[in-house]
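Quick notes on the structure that follows.
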Amino acid sequence: MRDRPVAVRRAGSRVSGVPGGRMDKAFIKGLKLLETLALSETPRGVTDLATELQFTKSNVHRLLATLQSQGYVRQVPPHSTYELTTRIWELGSNVIRRMDLIKVARPAMIKLADATGETIHLSVLDDIDVVYVDKIEGAHHIRAHTSVGARAPAYTVATGKAMLAHMPDTYLERFRPHLKRYTETTRTTIEELRADIEQARQQGFAAVPHGEWREGIAAVACAILGRSGEMVGAIGMSGPDSRIKRKQLKQFSVDVMEAARTIGLALGYTGGR
């Protein structure tokens, strides 16, 4: 099926779903400036850019100063020209890697869902949160409920702890001002969290027998390693703790680790865990 043509609207035109019904003209100008710099083979000057984009020079200078302050643009001496930094490339690489991870992980997620009958999650680490980027619903009527795109505090969920096990010990310090009790079993000190992370490292997986983010949820997860051995995400299984006891979590951990290993191999990882 061919992609449907996208209607291009002028800056300031009304757009459904945009607060106030209007697009931000300044933001659109900034995006056009970024696109122009990205397509330029050499650094560009203010006057040159203003002429091509039909912006005022003061407008271009203000946009460049803003982009420079945020690390997207740098000034090139000695002629006061401008070029993009690698910031755009870094963001694009993260998007592509995430898309690749979802595509590659799907077969292993389906196999794990069939083997366990429970809800399967694919997560990535974003600072102190996990972001659920894909999921397969469990076969049972009563199951764990999450949404793709939703976030959860990384220190409270199995996929988060599995990923934190592959981060430096100093990474845990960023959680210190954010530790908060969500359930009776939530870890509220760095020492408790560090003990969980160390256990995850030793086991090769992270287990949460009783919900630390949401009541009544048991989960087990394993980190996924990329081509160079870097941690790129985690796959996890979760369900009601009334059905999944510690013994079942231990049994399911074998399937979860195998799923993570399979995804890692598909991404090009060949090292041992």
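If you're wondering about the labels, chains in the structure tokens are A, B, ... by order shown, residues count from 1 in each chain, ligands from 1 in order shown.
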Problem - Expected answer as a PyMOL selection string: strand (DSSP E) residues in range 94-266 of chain A - result: chain A and resi 119-126+129-136+151-153+206-208+217-225+231-240
Problem - Neighbour list for range 130-134 of chain A as a count of residues only, cut-off 6 Å, only C-alpha atoms, skip fewer than 4 positions in-chain - result: 12
Exercise for the section: Calculate how many Å separate CA of Val220 in chain A from CA of Ser242 in chain A, rounding to one decimal. Expected result: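 We find that CA of Val220 in chain A and CA of Ser242 in chain A lie 14.9 Å from each other.
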Exercise for the section: Find the residues near Phe175 in chain A: any atom within 9 Å, counting only C-alpha atoms, skip ones fewer than 5 places away on the same chain, and give them as a list in words. Expected result: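 In the requested form, the answer reads Ile128, Tyr155 and Ile190 of chain A.
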Exercise for the section: Run DSSP on the backbone and give me the residues of range 127-176 of chain A it puts in helix (DSSP H, G or I), as a VMD selection string. Expected result: chain A and resid 154 to 156 158 to 164 169 to 176
How about saving the chosen residues, N, CA, C and O atoms kept, as a PDB file, in the first residue's frame?
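Saved result, out-v3.pdb, follows:
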```pdb
ATOM      1  N   ALA A 154      12.516   3.477  37.149  1.00  0.00           N
ATOM      2  CA  ALA A 154      13.357   2.320  36.846  1.00  0.00           C
ATOM      3  C   ALA A 154      13.695   1.497  38.084  1.00  0.00           C
ATOM      4  O   ALA A 154      13.883   0.277  37.989  1.00  0.00           O
ATOM      5  N   TYR A 155      13.756   2.137  39.254  1.00  0.00           N
ATOM      6  CA  TYR A 155      14.158   1.411  40.452  1.00  0.00           C
ATOM      7  C   TYR A 155      13.040   0.546  41.026  1.00  0.00           C
ATOM      8  O   TYR A 155      13.260  -0.201  41.987  1.00  0.00           O
ATOM      9  N   THR A 156      11.831   0.628  40.418  1.00  0.00           N
ATOM     10  CA  THR A 156      10.696  -0.109  40.981  1.00  0.00           C
ATOM     11  C   THR A 156      10.248  -1.297  40.146  1.00  0.00           C
ATOM     12  O   THR A 156       9.401  -2.070  40.602  1.00  0.00           O
ATOM     13  N   ALA A 158      11.038  -4.624  37.210  1.00  0.00           N
ATOM     14  CA  ALA A 158      12.037  -5.637  36.885  1.00  0.00           C
ATOM     15  C   ALA A 158      12.891  -5.237  35.686  1.00  0.00           C
ATOM     16  O   ALA A 158      14.120  -5.409  35.704  1.00  0.00           O
ATOM     17  N   THR A 159      12.276  -4.723  34.620  1.00  0.00           N
ATOM     18  CA  THR A 159      13.085  -4.338  33.459  1.00  0.00           C
ATOM     19  C   THR A 159      14.050  -3.219  33.821  1.00  0.00           C
ATOM     20  O   THR A 159      15.185  -3.187  33.343  1.00  0.00           O
ATOM     21  N   GLY A 160      13.609  -2.301  34.690  1.00  0.00           N
ATOM     22  CA  GLY A 160      14.498  -1.228  35.118  1.00  0.00           C
ATOM     23  C   GLY A 160      15.686  -1.752  35.898  1.00  0.00           C
ATOM     24  O   GLY A 160      16.839  -1.372  35.647  1.00  0.00           O
ATOM     25  N   LYS A 161      15.431  -2.647  36.849  1.00  0.00           N
ATOM     26  CA  LYS A 161      16.529  -3.193  37.652  1.00  0.00           C
ATOM     27  C   LYS A 161      17.470  -4.028  36.804  1.00  0.00           C
ATOM     28  O   LYS A 161      18.693  -4.030  37.034  1.00  0.00           O
ATOM     29  N   ALA A 162      16.917  -4.745  35.820  1.00  0.00           N
ATOM     30  CA  ALA A 162      17.767  -5.536  34.933  1.00  0.00           C
ATOM     31  C   ALA A 162      18.719  -4.634  34.153  1.00  0.00           C
ATOM     32  O   ALA A 162      19.896  -4.975  33.957  1.00  0.00           O
ATOM     33  N   MET A 163      18.223  -3.480  33.712  1.00  0.00           N
ATOM     34  CA  MET A 163      19.078  -2.552  32.977  1.00  0.00           C
ATOM     35  C   MET A 163      20.063  -1.843  33.891  1.00  0.00           C
ATOM     36  O   MET A 163      21.225  -1.627  33.530  1.00  0.00           O
ATOM     37  N   LEU A 164      19.624  -1.490  35.093  1.00  0.00           N
ATOM     38  CA  LEU A 164      20.518  -0.825  36.042  1.00  0.00           C
ATOM     39  C   LEU A 164      21.677  -1.723  36.441  1.00  0.00           C
ATOM     40  O   LEU A 164      22.757  -1.231  36.799  1.00  0.00           O
ATOM     41  N   ASP A 169      27.994   1.703  39.151  1.00  0.00           N
ATOM     42  CA  ASP A 169      27.427   1.886  40.487  1.00  0.00           C
ATOM     43  C   ASP A 169      27.054   3.340  40.749  1.00  0.00           C
ATOM     44  O   ASP A 169      26.068   3.621  41.440  1.00  0.00           O
ATOM     45  N   THR A 170      27.844   4.264  40.197  1.00  0.00           N
ATOM     46  CA  THR A 170      27.578   5.683  40.424  1.00  0.00           C
ATOM     47  C   THR A 170      26.250   6.129  39.818  1.00  0.00           C
ATOM     48  O   THR A 170      25.688   7.147  40.226  1.00  0.00           O
ATOM     49  N   TYR A 171      25.735   5.377  38.853  1.00  0.00           N
ATOM     50  CA  TYR A 171      24.461   5.739  38.201  1.00  0.00           C
ATOM     51  C   TYR A 171      23.321   5.747  39.205  1.00  0.00           C
ATOM     52  O   TYR A 171      22.374   6.539  39.073  1.00  0.00           O
ATOM     53  N   LEU A 172      23.397   4.884  40.211  1.00  0.00           N
ATOM     54  CA  LEU A 172      22.316   4.771  41.186  1.00  0.00           C
ATOM     55  C   LEU A 172      22.140   6.052  41.999  1.00  0.00           C
ATOM     56  O   LEU A 172      21.048   6.308  42.517  1.00  0.00           O
ATOM     57  N   GLU A 173      23.193   6.860  42.094  1.00  0.00           N
ATOM     58  CA  GLU A 173      23.116   8.075  42.899  1.00  0.00           C
ATOM     59  C   GLU A 173      22.079   9.053  42.366  1.00  0.00           C
ATOM     60  O   GLU A 173      21.521   9.850  43.126  1.00  0.00           O
ATOM     61  N   ARG A 174      21.805   8.997  41.074  1.00  0.00           N
ATOM     62  CA  ARG A 174      20.827   9.939  40.525  1.00  0.00           C
ATOM     63  C   ARG A 174      19.405   9.641  41.017  1.00  0.00           C
ATOM     64  O   ARG A 174      18.508  10.468  40.882  1.00  0.00           O
ATOM     65  N   PHE A 175      19.204   8.441  41.603  1.00  0.00           N
ATOM     66  CA  PHE A 175      17.888   8.094  42.131  1.00  0.00           C
ATOM     67  C   PHE A 175      17.667   8.639  43.543  1.00  0.00           C
ATOM     68  O   PHE A 175      16.518   8.721  43.996  1.00  0.00           O
ATOM     69  N   ARG A 176      18.747   9.003  44.214  1.00  0.00           N
ATOM     70  CA  ARG A 176      18.653   9.364  45.636  1.00  0.00           C
ATOM     71  C   ARG A 176      17.561  10.405  45.930  1.00  0.00           C
ATOM     72  O   ARG A 176      16.741  10.217  46.835  1.00  0.00           O
TER      73      ARG A 176
END
```
Problem - For CA of Glu192 in chain A and CA of His121 in chain A, the interatomic separation in Å (one decimal) - result: 24.5 Å
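Within the 6 Å cut-off around Pro240 in chain A, using only C-alpha atoms and omitting residues fewer than 2 positions from it on the same chain, the listed residues are Gly216, Ile217, Ala218, Ser242 and Arg243 of chain A.
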Practice task
Grab the CA of Leu225 in chain A to CA of Asp129 in chain A distance for me, in Å with one decimal place.
Solution key: 18.4 Å
Handout entry: A:Ala259, A:Thr183, A:Ala223, A:Val254 ranked by distance to Ala113 in chain A, top pick (using only C-alpha atoms)
Key =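 Nearest candidate to Ala113 in chain A out of A:Ala259, A:Thr183, A:Ala223, A:Val254: A:Ala259.
For the residues A:Pro153, A:Ala195, A:Gly71, A:Met109, ranking by smallest atom-to-atom distance to Met257 in chain A using only C-alpha atoms places A:Met109 first.
Comparing the minimum interatomic distances between Ile136 in chain A and each of A:Thr85, A:Thr189, A:Ser238, A:Thr36, counting only C-alpha atoms, we find that A:Ser238 sits nearest.
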Practice task
Write out as a list in words the residues lying within 8 Å of Leu84 in chain A, counting only C-alpha atoms and excluding same-chain residues fewer than 6 positions away.
Solution key: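 Near neighbours after the sequence-gap exclusion: Leu34, Leu37, Ala38, Tyr72, Val73 and Arg74 of chain A.
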Exercise for the section: Extract, using only C-alpha atoms, all DNA, RNA and protein residues at most 12 Å from Gln251 in chain A, discarding same-chain residues fewer than 2 positions from it, and format them as a ChimeraX atom specification. Expected result: /A:115-116,205,207,219-220,237,244-249,253-258
Selection above as a file: N, CA, C and O atoms, as an mmCIF file, in the first residue's frame:
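Output (selection30.cif):
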```
data_model
loop_
_atom_site.group_PDB
_atom_site.id
_atom_site.type_symbol
_atom_site.label_atom_id
_atom_site.label_comp_id
_atom_site.auth_asym_id
_atom_site.auth_seq_id
_atom_site.Cartn_x
_atom_site.Cartn_y
_atom_site.Cartn_z
ATOM 1 N N ALA A 115 5.276 -19.211 25.677
ATOM 2 C CA ALA A 115 5.835 -20.121 26.680
ATOM 3 C C ALA A 115 5.300 -19.851 28.084
ATOM 4 O O ALA A 115 5.133 -20.773 28.881
ATOM 5 N N THR A 116 5.027 -18.585 28.394
ATOM 6 C CA THR A 116 4.643 -18.214 29.757
ATOM 7 C C THR A 116 3.153 -17.911 29.904
ATOM 8 O O THR A 116 2.604 -18.049 31.002
ATOM 9 N N PHE A 205 19.501 -11.858 35.959
ATOM 10 C CA PHE A 205 18.151 -11.364 35.730
ATOM 11 C C PHE A 205 17.686 -10.630 36.981
ATOM 12 O O PHE A 205 18.260 -10.786 38.059
ATOM 13 N N ALA A 207 14.309 -9.872 39.454
ATOM 14 C CA ALA A 207 12.976 -10.371 39.805
ATOM 15 C C ALA A 207 12.325 -9.448 40.827
ATOM 16 O O ALA A 207 12.985 -8.963 41.751
ATOM 17 N N ALA A 219 7.180 -9.906 38.566
ATOM 18 C CA ALA A 219 7.835 -9.741 37.271
ATOM 19 C C ALA A 219 9.272 -10.238 37.317
ATOM 20 O O ALA A 219 9.912 -10.274 38.371
ATOM 21 N N VAL A 220 9.759 -10.612 36.149
ATOM 22 C CA VAL A 220 11.158 -11.002 35.988
ATOM 23 C C VAL A 220 11.624 -10.459 34.654
ATOM 24 O O VAL A 220 10.861 -10.419 33.675
ATOM 25 N N MET A 237 8.738 -10.189 31.794
ATOM 26 C CA MET A 237 7.453 -10.866 31.875
ATOM 27 C C MET A 237 6.814 -10.491 33.196
ATOM 28 O O MET A 237 7.485 -10.434 34.225
ATOM 29 N N ILE A 244 1.612 -15.867 40.086
ATOM 30 C CA ILE A 244 3.043 -16.104 39.861
ATOM 31 C C ILE A 244 3.788 -15.980 41.185
ATOM 32 O O ILE A 244 3.982 -14.876 41.706
ATOM 33 N N LYS A 245 4.208 -17.107 41.724
ATOM 34 C CA LYS A 245 4.943 -17.140 42.985
ATOM 35 C C LYS A 245 6.451 -17.135 42.687
ATOM 36 O O LYS A 245 6.868 -17.192 41.545
ATOM 37 N N ARG A 246 7.248 -17.085 43.745
ATOM 38 C CA ARG A 246 8.699 -17.038 43.577
ATOM 39 C C ARG A 246 9.230 -18.227 42.774
ATOM 40 O O ARG A 246 10.132 -18.084 41.958
ATOM 41 N N LYS A 247 8.654 -19.388 42.998
ATOM 42 C CA LYS A 247 9.107 -20.577 42.280
ATOM 43 C C LYS A 247 8.856 -20.424 40.784
ATOM 44 O O LYS A 247 9.724 -20.745 39.963
ATOM 45 N N GLN A 248 7.678 -19.868 40.416
ATOM 46 C CA GLN A 248 7.383 -19.657 39.003
ATOM 47 C C GLN A 248 8.282 -18.587 38.397
ATOM 48 O O GLN A 248 8.719 -18.706 37.260
ATOM 49 N N LEU A 249 8.574 -17.561 39.180
ATOM 50 C CA LEU A 249 9.477 -16.517 38.684
ATOM 51 C C LEU A 249 10.841 -17.103 38.347
ATOM 52 O O LEU A 249 11.445 -16.768 37.326
ATOM 53 N N SER A 253 12.411 -17.234 34.654
ATOM 54 C CA SER A 253 13.645 -16.483 34.397
ATOM 55 C C SER A 253 14.497 -17.147 33.327
ATOM 56 O O SER A 253 15.190 -16.467 32.566
ATOM 57 N N VAL A 254 14.434 -18.474 33.242
ATOM 58 C CA VAL A 254 15.200 -19.194 32.217
ATOM 59 C C VAL A 254 14.705 -18.804 30.823
ATOM 60 O O VAL A 254 15.506 -18.531 29.912
ATOM 61 N N ASP A 255 13.394 -18.737 30.658
ATOM 62 C CA ASP A 255 12.818 -18.352 29.373
ATOM 63 C C ASP A 255 13.123 -16.892 29.048
ATOM 64 O O ASP A 255 13.387 -16.545 27.893
ATOM 65 N N VAL A 256 13.057 -16.032 30.062
ATOM 66 C CA VAL A 256 13.314 -14.611 29.852
ATOM 67 C C VAL A 256 14.770 -14.387 29.442
ATOM 68 O O VAL A 256 15.059 -13.611 28.515
ATOM 69 N N MET A 257 15.703 -15.051 30.117
ATOM 70 C CA MET A 257 17.111 -14.904 29.764
ATOM 71 C C MET A 257 17.404 -15.424 28.363
ATOM 72 O O MET A 257 18.198 -14.846 27.620
ATOM 73 N N GLU A 258 16.731 -16.504 27.985
ATOM 74 C CA GLU A 258 16.912 -17.040 26.638
ATOM 75 C C GLU A 258 16.375 -16.056 25.597
ATOM 76 O O GLU A 258 16.983 -15.868 24.538
#
```
Handout entry: Selected residue, from A:Lys111, A:His178, A:His166, A:Arg44, that lies nearest to Tyr82 in chain A when counting only C-alpha atoms
Key =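 Closest to Tyr82 in chain A, using only C-alpha atoms: A:Arg44.
For the set A:Ala65, A:Leu193, A:Ala50, A:Ile88, the residue with the smallest atom-to-atom gap to Glu35 in chain A is A:Ile88, counting only C-alpha atoms.
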